[in-house]
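All remarks here apply to the structure that follows.
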Amino acid sequence: MTRKKITFLIADIIAFIVLVALDQFTKFLAVANLKDKASFPIIRNVLELQYLENKGAAFGMLQNQKAFFILIAILILIIIVYVLALVPDDMKYNALHILLVMIGSGACGNMVDRFRTNYVVDFIYFKLINFPIFNVADIYVTVSTFILLFLFLFYYKENDFAFLSFKQQKKFREFK
């Protein structure tokens, strides 16, 4: 492993910790300031802070499936760690590092809630469009996944992910 690769992975770990901490801090503030209180308007009739304990997934689906959600989060984290370990230390993949760390941070942030309290704290509500209440971890996952999809479709080429091929890894090990 090159020094540059190690630097990338250390930066990924630090960013991961900071993003999870930021998510948990915002949820702490939501519990401390919004629980059992009326919603707090940020932009009248558009955006408000409103406390919600979500025992399901997005849009309240799959209520009370804690074990399932934790298992999915762990699988996502394993896949992300695996991919980050294999990503070449080329600038072309900087965005991939950032986006995967953000997705992993979001998955971990909500997983921490499920472990601690059996529900996820949601508190951001777009009242204008009656969008389901969400949190910072959800923003990490949603925005990063959308950008990642865009990059897969318009920026990266199929051969840019040859490093993920088991055949490529076998050839690499044989070459060493």
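All residue names refer to the structure tokens as shown: chains lettered A, B, ... in order, residues numbered from 1 in each chain, ligands numbered from 1 in order.
Residues in contact with region 110-117 of chain A at up to 8 Å, not including ones fewer than 3 positions away on its chain and judged by only C-alpha atoms, are Lys66, Phe69, Ile70, Ala73, Gly106, Ala107, Val120, Val121 and Ala137 of chain A.
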Can you tell me, as a short mmCIF file (atom, residue, chain, number, x, y, z; two decimals) with C-alpha atoms, in the first residue's frame, which residues in region 61-156 of chain A count as strand (DSSP E) by DSSP?
data_model
loop_
_atom_site.label_atom_id
_atom_site.label_comp_id
_atom_site.auth_asym_id
_atom_site.auth_seq_id
_atom_site.Cartn_x
_atom_site.Cartn_y
_atom_site.Cartn_z
CA VAL A 120 -33.94 7.23 14.41
CA VAL A 121 -34.36 10.89 15.37
CA ASP A 122 -35.72 12.89 12.43
CA PHE A 123 -36.29 16.62 12.65
CA ILE A 124 -36.09 18.44 9.29
CA TYR A 125 -39.45 18.97 7.59
CA PHE A 126 -40.18 20.60 4.22
#
* Go through region 33-119 of chain A and collect every residue that DSSP, computed from the backbone, puts in helix (DSSP H, G or I); the answer should be as a ChimeraX atom specification. => /A:33-34,58-60,66-86,91-117
* **For Val87 (chain A), the nearest of the candidates A:Ile17, A:Ile6, A:Tyr156, A:Phe163, counting only C-alpha atoms** => A:Phe163
* Name the residues in contact with Lys37 (chain A) at a cut-off of 9 Å, using only C-alpha atoms, excluding same-chain residues fewer than 3 positions from it; report them as a ChimeraX atom specification. => /A:33-34,40,50-51
* Closest of A:Val83, A:Leu52, A:Ile72, A:Met1 to Phe161 (chain A) - atom-to-atom distances counting only C-alpha atoms -> A:Val83
